[in-house]
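Below is final.cif, which holds mmCIF, C-alpha atoms.
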```cif
data_work
loop_
_atom_site.label_atom_id
_atom_site.label_comp_id
_atom_site.auth_asym_id
_atom_site.auth_seq_id
_atom_site.Cartn_x
_atom_site.Cartn_y
_atom_site.Cartn_z
CA MET A 1 -58.01 -108.55 -173.82
CA ASN A 2 -61.00 -108.60 -176.13
CA GLN A 3 -63.28 -107.73 -173.22
CA GLY A 4 -61.12 -104.77 -172.39
CA MET A 5 -61.23 -103.49 -175.91
CA ALA A 6 -64.97 -103.98 -175.95
CA SER A 7 -65.36 -101.91 -172.82
CA LEU A 8 -63.27 -99.12 -174.36
CA ALA A 9 -65.34 -99.21 -177.50
CA ARG A 10 -68.50 -98.48 -175.60
CA SER A 11 -70.02 -95.03 -175.76
CA PRO A 12 -69.69 -92.60 -172.81
CA SER A 13 -73.40 -92.77 -172.21
CA ALA A 14 -73.27 -96.48 -171.82
CA MET A 15 -70.39 -96.17 -169.48
CA SER A 16 -72.22 -93.74 -167.28
CA ILE A 17 -75.30 -95.86 -167.24
CA THR A 18 -73.41 -98.83 -166.04
CA ARG A 19 -72.05 -96.78 -163.09
CA ILE A 20 -75.47 -95.82 -161.78
CA PRO A 21 -77.00 -98.28 -159.36
CA GLN A 22 -80.06 -100.19 -160.45
CA GLY A 23 -82.21 -98.81 -157.67
CA HIS A 24 -81.89 -95.28 -159.08
CA SER A 25 -82.59 -96.12 -162.73
CA LYS A 26 -86.30 -95.37 -162.50
CA SER A 27 -85.72 -92.03 -160.77
CA LEU A 28 -83.19 -91.11 -163.45
CA GLN A 29 -85.65 -91.83 -166.20
CA LEU A 30 -88.25 -89.63 -164.49
CA LEU A 31 -85.75 -86.78 -164.19
CA LYS A 32 -84.88 -87.06 -167.84
CA ALA A 33 -88.54 -87.03 -168.80
CA SER A 34 -89.27 -83.93 -166.65
CA LYS A 35 -86.08 -82.13 -167.80
CA VAL A 36 -85.21 -81.10 -164.22
CA PRO A 37 -81.52 -80.95 -163.37
CA TYR A 38 -80.56 -83.63 -160.94
CA VAL A 39 -78.47 -82.52 -157.99
CA LEU A 40 -76.33 -85.12 -156.42
CA PRO A 41 -76.46 -85.06 -152.59
CA PHE A 42 -73.26 -84.35 -150.67
CA HIS A 43 -72.67 -85.34 -147.12
CA ARG A 44 -72.05 -82.48 -144.64
CA ILE A 45 -68.45 -81.99 -143.80
CA HIS A 46 -67.84 -81.47 -140.10
CA ILE A 47 -64.97 -79.11 -139.25
CA ARG A 48 -63.74 -78.98 -135.76
CA ARG A 49 -63.45 -75.42 -134.53
CA SER A 50 -60.64 -74.60 -132.20
CA PRO A 51 -61.28 -72.31 -129.20
CA VAL A 52 -60.00 -68.74 -129.38
CA CYS A 53 -58.26 -67.62 -126.23
CA CYS A 54 -57.42 -64.00 -125.38
CA THR A 55 -54.17 -63.45 -123.55
CA LYS A 56 -54.01 -59.63 -123.50
CA PHE A 57 -57.05 -57.89 -122.09
CA PRO A 58 -57.91 -54.18 -121.99
CA GLN A 59 -58.47 -52.20 -118.79
CA TRP A 60 -62.28 -52.49 -118.81
CA GLU A 61 -62.24 -56.32 -118.60
CA PRO A 62 -61.25 -57.48 -115.11
CA SER A 63 -60.98 -61.24 -115.80
CA PRO A 64 -59.92 -63.33 -118.82
CA VAL A 65 -62.79 -64.45 -121.01
CA THR A 66 -62.57 -67.43 -123.36
CA TYR A 67 -64.88 -67.37 -126.39
CA ALA A 68 -65.28 -70.93 -127.64
CA LEU A 69 -67.17 -71.64 -130.84
CA THR A 70 -69.41 -74.66 -130.68
CA GLU A 71 -71.64 -76.24 -133.29
CA LYS A 72 -74.84 -75.21 -131.50
CA ALA A 73 -73.80 -71.58 -131.13
CA GLY A 74 -72.69 -71.11 -134.73
CA ASP A 75 -74.89 -68.13 -135.69
CA LYS A 76 -75.52 -66.83 -132.15
CA PHE A 77 -72.00 -65.66 -131.55
CA LEU A 78 -71.82 -62.23 -129.85
CA ASP A 79 -75.63 -62.06 -129.38
CA LYS A 80 -75.20 -61.11 -125.74
CA SER A 81 -73.27 -57.95 -124.96
CA SER A 82 -69.98 -58.35 -123.20
CA GLU A 83 -68.44 -55.98 -120.69
CA LEU A 84 -66.77 -54.02 -123.49
CA PHE A 85 -70.04 -52.97 -125.12
CA GLU A 86 -71.71 -52.31 -121.76
CA THR A 87 -68.86 -49.99 -120.81
CA LEU A 88 -69.02 -48.12 -124.09
CA ARG A 89 -72.80 -47.79 -123.79
CA SER A 90 -72.57 -46.44 -120.22
CA GLU A 91 -69.87 -43.97 -121.29
CA SER A 92 -72.04 -42.71 -124.17
CA SER A 93 -75.06 -42.30 -121.85
CA ASP A 94 -72.92 -40.42 -119.30
CA SER A 95 -71.64 -38.09 -122.02
CA ARG A 96 -75.23 -37.42 -123.13
CA ASP A 97 -76.28 -36.62 -119.56
CA GLU A 98 -73.35 -34.27 -119.12
CA ALA A 99 -74.16 -32.54 -122.41
CA SER A 100 -77.81 -32.06 -121.40
CA ILE A 101 -76.76 -30.70 -117.99
CA THR A 102 -74.37 -28.21 -119.57
CA LYS A 103 -77.06 -27.11 -122.03
CA ALA A 104 -79.54 -26.59 -119.17
CA GLU A 105 -76.95 -24.59 -117.22
CA ASP A 106 -76.25 -22.45 -120.27
CA ARG A 107 -79.96 -21.80 -120.70
CA THR A 108 -80.39 -20.81 -117.06
CA ASP A 109 -77.39 -18.52 -117.31
CA THR A 110 -78.75 -16.84 -120.44
CA THR A 111 -82.18 -16.42 -118.86
CA ASN A 112 -80.79 -15.13 -115.57
CA GLN A 113 -78.69 -12.47 -117.27
CA PRO A 114 -81.65 -10.41 -118.65
CA VAL A 115 -83.55 -10.91 -115.38
CA ALA A 116 -80.60 -9.50 -113.41
CA GLN A 117 -80.37 -6.59 -115.83
CA LEU A 118 -84.08 -5.88 -115.43
CA GLN A 119 -83.76 -6.01 -111.66
CA PHE A 120 -80.88 -3.55 -111.88
CA LEU A 121 -83.08 -1.18 -113.92
CA LYS A 122 -85.80 -1.33 -111.24
CA TRP A 123 -83.63 0.23 -108.54
CA PRO A 124 -83.80 3.89 -109.77
CA LEU A 125 -87.59 3.61 -110.16
CA TRP A 126 -88.00 3.34 -106.40
CA LEU A 127 -86.86 6.96 -106.14
CA LEU A 128 -87.97 8.24 -109.55
CA GLY A 129 -91.64 7.27 -109.14
CA PRO A 130 -92.28 9.12 -105.85
CA SER A 131 -90.27 12.09 -107.15
CA VAL A 132 -92.53 12.36 -110.19
CA LEU A 133 -95.61 12.15 -107.97
CA LEU A 134 -94.24 14.84 -105.66
CA GLY A 135 -93.28 17.19 -108.48
CA THR A 136 -96.59 16.94 -110.35
CA GLY A 137 -99.00 16.86 -107.43
CA MET A 138 -97.74 18.44 -104.26
CA VAL A 139 -95.40 21.18 -105.46
CA PRO A 140 -97.96 23.12 -107.59
CA THR A 141 -100.64 22.84 -104.92
CA LEU A 142 -98.45 23.86 -101.99
CA TRP A 143 -96.09 26.45 -103.47
CA LEU A 144 -98.00 27.97 -106.37
CA PRO A 145 -99.79 31.17 -105.27
CA ILE A 146 -103.57 31.25 -105.58
CA SER A 147 -103.45 34.58 -107.39
CA THR A 148 -101.65 33.05 -110.34
CA ILE A 149 -104.36 30.41 -110.73
CA PHE A 150 -107.55 32.07 -109.60
CA ILE A 151 -108.47 35.29 -111.35
CA GLY A 152 -112.15 35.31 -110.50
CA PRO A 153 -115.32 33.24 -110.83
CA ASN A 154 -114.91 32.67 -114.57
CA VAL A 155 -114.02 29.99 -117.10
CA VAL A 156 -110.31 30.91 -117.15
CA SER A 157 -109.92 30.11 -113.48
CA LEU A 158 -111.82 26.87 -114.00
CA LEU A 159 -109.51 25.82 -116.85
CA SER A 160 -106.44 26.75 -114.81
CA LEU A 161 -107.56 24.53 -111.93
CA ILE A 162 -108.37 21.66 -114.31
CA GLY A 163 -104.90 22.06 -115.86
CA LEU A 164 -103.28 21.62 -112.45
CA ASP A 165 -105.28 18.45 -111.86
CA CYS A 166 -104.33 17.16 -115.32
CA ILE A 167 -100.65 17.65 -114.46
CA PHE A 168 -101.19 15.62 -111.30
CA ASN A 169 -103.08 12.94 -113.23
CA LEU A 170 -100.17 12.63 -115.68
CA GLY A 171 -97.67 12.23 -112.85
CA CYS A 172 -99.97 9.77 -111.08
CA THR A 173 -100.22 7.65 -114.24
CA LEU A 174 -96.44 7.54 -114.59
CA PHE A 175 -96.09 6.62 -110.92
CA LEU A 176 -98.59 3.78 -111.23
CA LEU A 177 -96.84 2.42 -114.32
CA MET A 178 -93.51 2.42 -112.49
CA ALA A 179 -95.11 0.76 -109.47
CA ASP A 180 -96.64 -1.91 -111.69
CA TYR A 181 -93.25 -2.58 -113.28
CA CYS A 182 -91.54 -2.86 -109.89
CA ALA A 183 -94.28 -5.14 -108.56
CA LYS A 184 -93.71 -7.76 -111.25
CA SER A 185 -92.04 -11.04 -110.31
CA LYS A 186 -88.29 -11.52 -110.63
CA ASN A 187 -88.90 -14.60 -112.76
CA LEU A 188 -90.45 -13.36 -115.99
CA GLY A 189 -91.97 -16.78 -116.67
CA GLN A 190 -94.19 -16.53 -113.60
CA ALA A 191 -97.40 -14.62 -113.79
CA SER A 192 -97.66 -11.51 -111.57
CA LYS A 193 -101.41 -10.96 -111.67
CA SER A 194 -103.38 -10.05 -108.58
CA LYS A 195 -107.14 -9.98 -108.45
CA PRO A 196 -108.75 -7.86 -105.71
CA PRO A 197 -111.52 -9.36 -103.56
CA VAL A 198 -115.12 -8.65 -104.51
CA SER A 199 -115.79 -7.06 -101.12
CA TYR A 200 -112.95 -4.60 -101.71
CA GLN A 201 -114.32 -3.65 -105.12
CA PHE A 202 -117.80 -3.15 -103.67
CA TRP A 203 -116.48 -0.97 -100.83
CA ASN A 204 -114.49 1.22 -103.22
CA LEU A 205 -117.47 1.70 -105.52
CA VAL A 206 -119.70 2.65 -102.58
CA ALA A 207 -117.15 5.17 -101.26
CA THR A 208 -116.57 6.72 -104.70
CA LEU A 209 -120.25 6.95 -105.60
CA THR A 210 -121.01 8.51 -102.22
CA GLY A 211 -118.31 11.13 -102.72
CA LEU A 212 -119.74 11.82 -106.20
CA ALA A 213 -123.40 11.95 -105.17
CA ILE A 214 -123.01 14.52 -102.35
CA PRO A 215 -121.80 17.50 -104.48
CA LEU A 216 -124.27 16.66 -107.26
CA MET A 217 -127.14 16.72 -104.76
CA MET A 218 -125.90 20.08 -103.49
CA LEU A 219 -125.86 21.43 -107.03
CA PHE A 220 -129.38 20.14 -107.69
CA GLY A 221 -130.68 21.68 -104.45
CA SER A 222 -129.06 25.02 -105.26
CA GLN A 223 -130.47 25.14 -108.79
CA LYS A 224 -133.96 24.23 -107.57
CA GLY A 225 -133.87 26.83 -104.81
CA TYR A 226 -133.89 24.41 -101.91
CA LEU A 227 -130.59 25.79 -100.64
CA GLN A 228 -130.27 29.50 -99.98
CA PRO A 229 -128.51 31.66 -100.88
CA GLN A 230 -128.37 30.24 -104.36
CA LEU A 231 -124.91 29.64 -105.89
CA PRO A 232 -124.44 30.21 -109.65
CA PHE A 233 -123.06 27.41 -111.81
CA ILE A 234 -119.63 28.97 -112.65
CA PRO A 235 -118.58 29.58 -109.01
CA TYR A 236 -119.84 26.10 -108.15
CA ALA A 237 -117.78 24.64 -111.03
CA VAL A 238 -114.69 26.52 -109.85
CA LEU A 239 -115.08 25.11 -106.35
CA LEU A 240 -116.13 21.50 -107.05
CA GLY A 241 -115.73 20.98 -110.84
CA PRO A 242 -112.10 19.71 -110.73
CA TYR A 243 -113.03 17.48 -107.78
CA ILE A 244 -115.83 15.76 -109.74
CA LEU A 245 -113.66 15.36 -112.85
CA LEU A 246 -110.72 13.80 -111.01
CA LEU A 247 -113.05 11.49 -109.07
CA SER A 248 -114.40 10.17 -112.37
CA VAL A 249 -110.84 9.58 -113.61
CA GLN A 250 -110.08 7.64 -110.42
CA MET A 251 -113.09 5.37 -110.95
CA LEU A 252 -111.95 4.61 -114.50
CA THR A 253 -108.37 3.92 -113.39
CA GLU A 254 -109.46 1.55 -110.62
CA MET A 255 -111.73 -0.40 -112.97
CA LEU A 256 -108.85 -0.80 -115.43
CA THR A 257 -106.52 -2.11 -112.72
CA TRP A 258 -109.22 -4.58 -111.65
CA HIS A 259 -109.76 -5.72 -115.21
CA TRP A 260 -106.04 -6.13 -115.93
CA GLU A 261 -105.48 -7.76 -112.51
CA SER A 262 -102.56 -5.44 -111.88
CA PRO A 263 -100.86 -5.62 -108.47
CA ILE A 264 -101.27 -1.82 -108.05
CA TRP A 265 -105.01 -2.06 -107.36
CA LEU A 266 -104.27 -1.47 -103.66
CA VAL A 267 -102.13 1.62 -104.27
CA THR A 268 -104.32 3.46 -106.80
CA PRO A 269 -107.07 4.75 -104.45
CA VAL A 270 -104.51 5.77 -101.81
CA VAL A 271 -102.67 8.05 -104.26
CA TYR A 272 -105.83 9.70 -105.60
CA GLU A 273 -107.45 10.13 -102.18
CA ALA A 274 -104.35 11.75 -100.68
CA TYR A 275 -104.38 14.34 -103.46
CA ARG A 276 -108.14 14.77 -103.10
CA VAL A 277 -107.74 16.00 -99.55
CA LEU A 278 -105.36 18.72 -100.80
CA GLN A 279 -107.76 19.49 -103.64
CA LEU A 280 -110.65 20.07 -101.24
CA MET A 281 -108.47 22.19 -98.95
CA ARG A 282 -107.71 24.34 -101.98
CA GLY A 283 -111.46 24.59 -102.57
CA LEU A 284 -111.90 25.96 -99.06
CA LYS A 285 -109.40 28.74 -99.80
CA LEU A 286 -111.17 29.55 -103.06
CA GLY A 287 -114.51 29.61 -101.22
CA VAL A 288 -113.18 32.33 -98.96
CA GLU A 289 -112.03 34.32 -102.03
CA LEU A 290 -115.48 33.94 -103.64
CA SER A 291 -117.44 34.64 -100.44
CA ALA A 292 -119.29 31.38 -101.00
CA PRO A 293 -122.43 30.54 -99.02
CA ALA A 294 -122.11 28.67 -95.75
CA TRP A 295 -123.80 25.50 -97.02
CA ILE A 296 -121.19 24.99 -99.77
CA MET A 297 -118.38 25.54 -97.28
CA HIS A 298 -119.88 22.98 -94.92
CA THR A 299 -120.26 20.59 -97.84
CA ILE A 300 -116.56 20.89 -98.71
CA ARG A 301 -115.56 20.36 -95.07
CA GLY A 302 -117.78 17.28 -94.93
CA LEU A 303 -116.13 15.91 -98.08
CA VAL A 304 -112.70 16.46 -96.54
CA CYS A 305 -113.72 14.45 -93.47
CA TRP A 306 -115.27 11.72 -95.63
CA TRP A 307 -112.15 11.20 -97.72
CA VAL A 308 -109.86 11.26 -94.71
CA LEU A 309 -111.99 8.46 -93.26
CA ILE A 310 -111.83 6.51 -96.55
CA LEU A 311 -108.07 7.04 -96.74
CA GLY A 312 -107.69 5.60 -93.24
CA VAL A 313 -109.73 2.54 -94.26
CA GLN A 314 -107.54 2.10 -97.34
CA LEU A 315 -104.38 2.20 -95.24
CA MET A 316 -105.86 -0.45 -92.94
CA ARG A 317 -106.55 -2.49 -96.06
CA VAL A 318 -102.87 -2.24 -96.96
CA ALA A 319 -101.91 -3.55 -93.50
CA TRP A 320 -104.45 -6.37 -93.81
CA PHE A 321 -103.12 -7.35 -97.23
CA ALA A 322 -99.54 -7.43 -95.91
CA GLY A 323 -100.59 -9.80 -93.11
CA PHE A 324 -102.60 -11.92 -95.53
CA THR A 325 -99.61 -12.27 -97.85
CA ALA A 326 -97.35 -13.27 -94.96
CA ARG A 327 -99.81 -15.97 -93.82
CA ALA A 328 -100.14 -17.30 -97.38
CA GLN A 329 -96.36 -17.56 -97.75
CA ARG A 330 -96.06 -19.33 -94.40
CA GLN A 331 -98.73 -21.86 -95.35
CA GLN A 332 -97.09 -22.44 -98.72
CA SER A 333 -93.67 -23.04 -97.16
CA SER A 334 -95.15 -25.48 -94.60
CA ALA A 335 -97.02 -27.34 -97.35
CA SER A 336 -93.85 -27.66 -99.41
CA ALA A 337 -91.93 -28.92 -96.36
CA ASP A 338 -94.60 -31.54 -95.69
CA ALA A 339 -94.50 -32.62 -99.33
CA GLN A 340 -90.73 -33.16 -99.14
CA TYR A 341 -91.08 -35.40 -96.09
#
```

For this file, write the structure as structure tokens.
Amino acid sequence: MNQGMASLARSPSAMSITRIPQGHSKSLQLLKASKVPYVLPFHRIHIRRSPVCCTKFPQWEPSPVTYALTEKAGDKFLDKSSELFETLRSESSDSRDEASITKAEDRTDTTNQPVAQLQFLKWPLWLLGPSVLLGTGMVPTLWLPISTIFIGPNVVSLLSLIGLDCIFNLGCTLFLLMADYCAKSKNLGQASKSKPPVSYQFWNLVATLTGLAIPLMMLFGSQKGYLQPQLPFIPYAVLLGPYILLLSVQMLTEMLTWHWESPIWLVTPVVYEAYRVLQLMRGLKLGVELSAPAWIMHTIRGLVCWWVLILGVQLMRVAWFAGFTARAQRQQSSASADAQY
């Protein structure tokens, strides 16, 4: 009884000291000296985890799947994707593909609409271009009387003839612009440039310079007195002045088409040379009205023959280019077929 009362009379600190084992007394004193809170160790409590079984399964899972939680796979649960997530991922990728396909189709439709409209606008040009060329070039030369143009060997007649050639040049420019527009590719993204061969450019320059040098040599011989009877400058300008001026315009136009790599480089000399034959035939009529010397009349006839020959060569060039284009397309189609196989 006295021992019990003595134990109750002890202080709480003494009571706690008596409860600590003797082996830990030194460590407790060290903790008190370092003023570090002492954490009592607790043993790990093991809880048995029951397996989770699924009885009702959705349509995308063909077989029942049991997800059992084990101690080793505590934090690695659902690391690997199941069939549910794979199905959702495939559906999202399919929806993205369908959206991209629809966008591409919409883009092609929007791009094809203006192309179809432009192709529809090209149809009237096939008739409008030649009509403009006929109205500005052939009609005044064939149906306009010479008396309304040629008054005499003076400057007025020279300006009237140059005005007729300027009207033709305007119509020829409009025709070439329409032809260039019609020659462009249906797909606006593709380039429609065409560079002529160097041999073709050289041949055209030789033909043009030859046709320009012959009348200038005749003029020089007449002014120096080598050719008799001598022809004054104004009658000579009435006969061959418009011819020289239009030939210079043709050279400039051809060089521009070569520089711009326009597909009308093959058509340009044909149009000008066809009108040049009519222009020289008009010069023969005017020579009769002026009672021109025989040497100038023979010169004009020689120029007519020269340009008819050059026009024939140009037409053969057109046939050659058509065959060359057909061979190139055949080779390209065969190369594409071989690439597919």

Exercise. Pull out every residue that the PyMOL selection byres ((chain A and resi 196) around 8) matches in the shown coordinates and put them as number ranges by chain.
Key: A: 194-195, 197-198, 200-201, 258, 261, 265

Exercise. Counting all atoms listed in the file, figure out which residue out of A:Gln314, A:Thr257, A:Ser199, A:Ser157 gets nearest to Pro242 in chain A.
Key: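 Between A:Gln314, A:Thr257, A:Ser199, A:Ser157, the residue approaching Pro242 in chain A most closely is A:Ser157.
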
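Of the listed residues A:Ala179, A:Gln332, A:Ala326, A:Leu164, the one whose atoms come nearest to Gln279 in chain A is A:Leu164, with distances taken using all atoms listed in the file.
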
Quiz item: Interatomic distance between CA of Ser291 in chain A and CA of Leu209 in chain A?
Solution: 28.3 Å

With the PyMOL selection byres ((chain A and resi 303) around 9) as the selection, what would be picked from this file? Answer as a PDB file with C-alpha atoms, in the coordinates of the input, please.
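Contents of the output file part13.pdb:
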```
ATOM      1  CA  GLY A 211    -118.310  11.130-102.720  1.00  0.00           C
ATOM      2  CA  ILE A 214    -123.010  14.520-102.350  1.00  0.00           C
ATOM      3  CA  PRO A 215    -121.800  17.500-104.480  1.00  0.00           C
ATOM      4  CA  VAL A 277    -107.740  16.000 -99.550  1.00  0.00           C
ATOM      5  CA  LEU A 280    -110.650  20.070-101.240  1.00  0.00           C
ATOM      6  CA  HIS A 298    -119.880  22.980 -94.920  1.00  0.00           C
ATOM      7  CA  THR A 299    -120.260  20.590 -97.840  1.00  0.00           C
ATOM      8  CA  ILE A 300    -116.560  20.890 -98.710  1.00  0.00           C
ATOM      9  CA  ARG A 301    -115.560  20.360 -95.070  1.00  0.00           C
ATOM     10  CA  GLY A 302    -117.780  17.280 -94.930  1.00  0.00           C
ATOM     11  CA  VAL A 304    -112.700  16.460 -96.540  1.00  0.00           C
ATOM     12  CA  CYS A 305    -113.720  14.450 -93.470  1.00  0.00           C
ATOM     13  CA  TRP A 306    -115.270  11.720 -95.630  1.00  0.00           C
ATOM     14  CA  TRP A 307    -112.150  11.200 -97.720  1.00  0.00           C
ATOM     15  CA  VAL A 308    -109.860  11.260 -94.710  1.00  0.00           C
TER      16      VAL A 308
END
```

Exercise. Mind listing whatever residues come within 12 Å of the point (-112.1, 3.7, -95.1)? Use all atoms listed in the file, file coordinates, and give them as a PyMOL selection string.
Key: chain A and resi 200+203-208+269-270+273+305-318

Exercise. Rank nothing, just name the residue among A:Leu240, A:Leu247, A:Leu278, A:Cys182 nearest to Pro140 in chain A, using all atoms listed in the file.
Key: A:Leu278

Can you report as AutoDock Vina command-line options the centre and edge lengths in Å, to one decimal, of an axis-aligned box around the listed atoms of range 215-221 of chain A padded with 4 Å on each side?
```
--center_x -126.2 --center_y 19.2 --center_z -105.6 --size_x 16.9 --size_y 13.0 --size_z 12.2
```

Self-check item: Picked residues, the PyMOL selection byres ((chain A and resi 296) around 12), expected as a PyMOL selection string
Solution: chain A and resi 214-219+221-222+227-232+235-237+239-240+280+283-284+286-288+290-295+297-303

Quiz item: Between CA of Leu176 in chain A and CA of Gly323 in chain A, what is the distance, to one decimal in Å?
Solution: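 So the two atoms, CA of Leu176 in chain A and CA of Gly323 in chain A, lie 22.7 Å apart.
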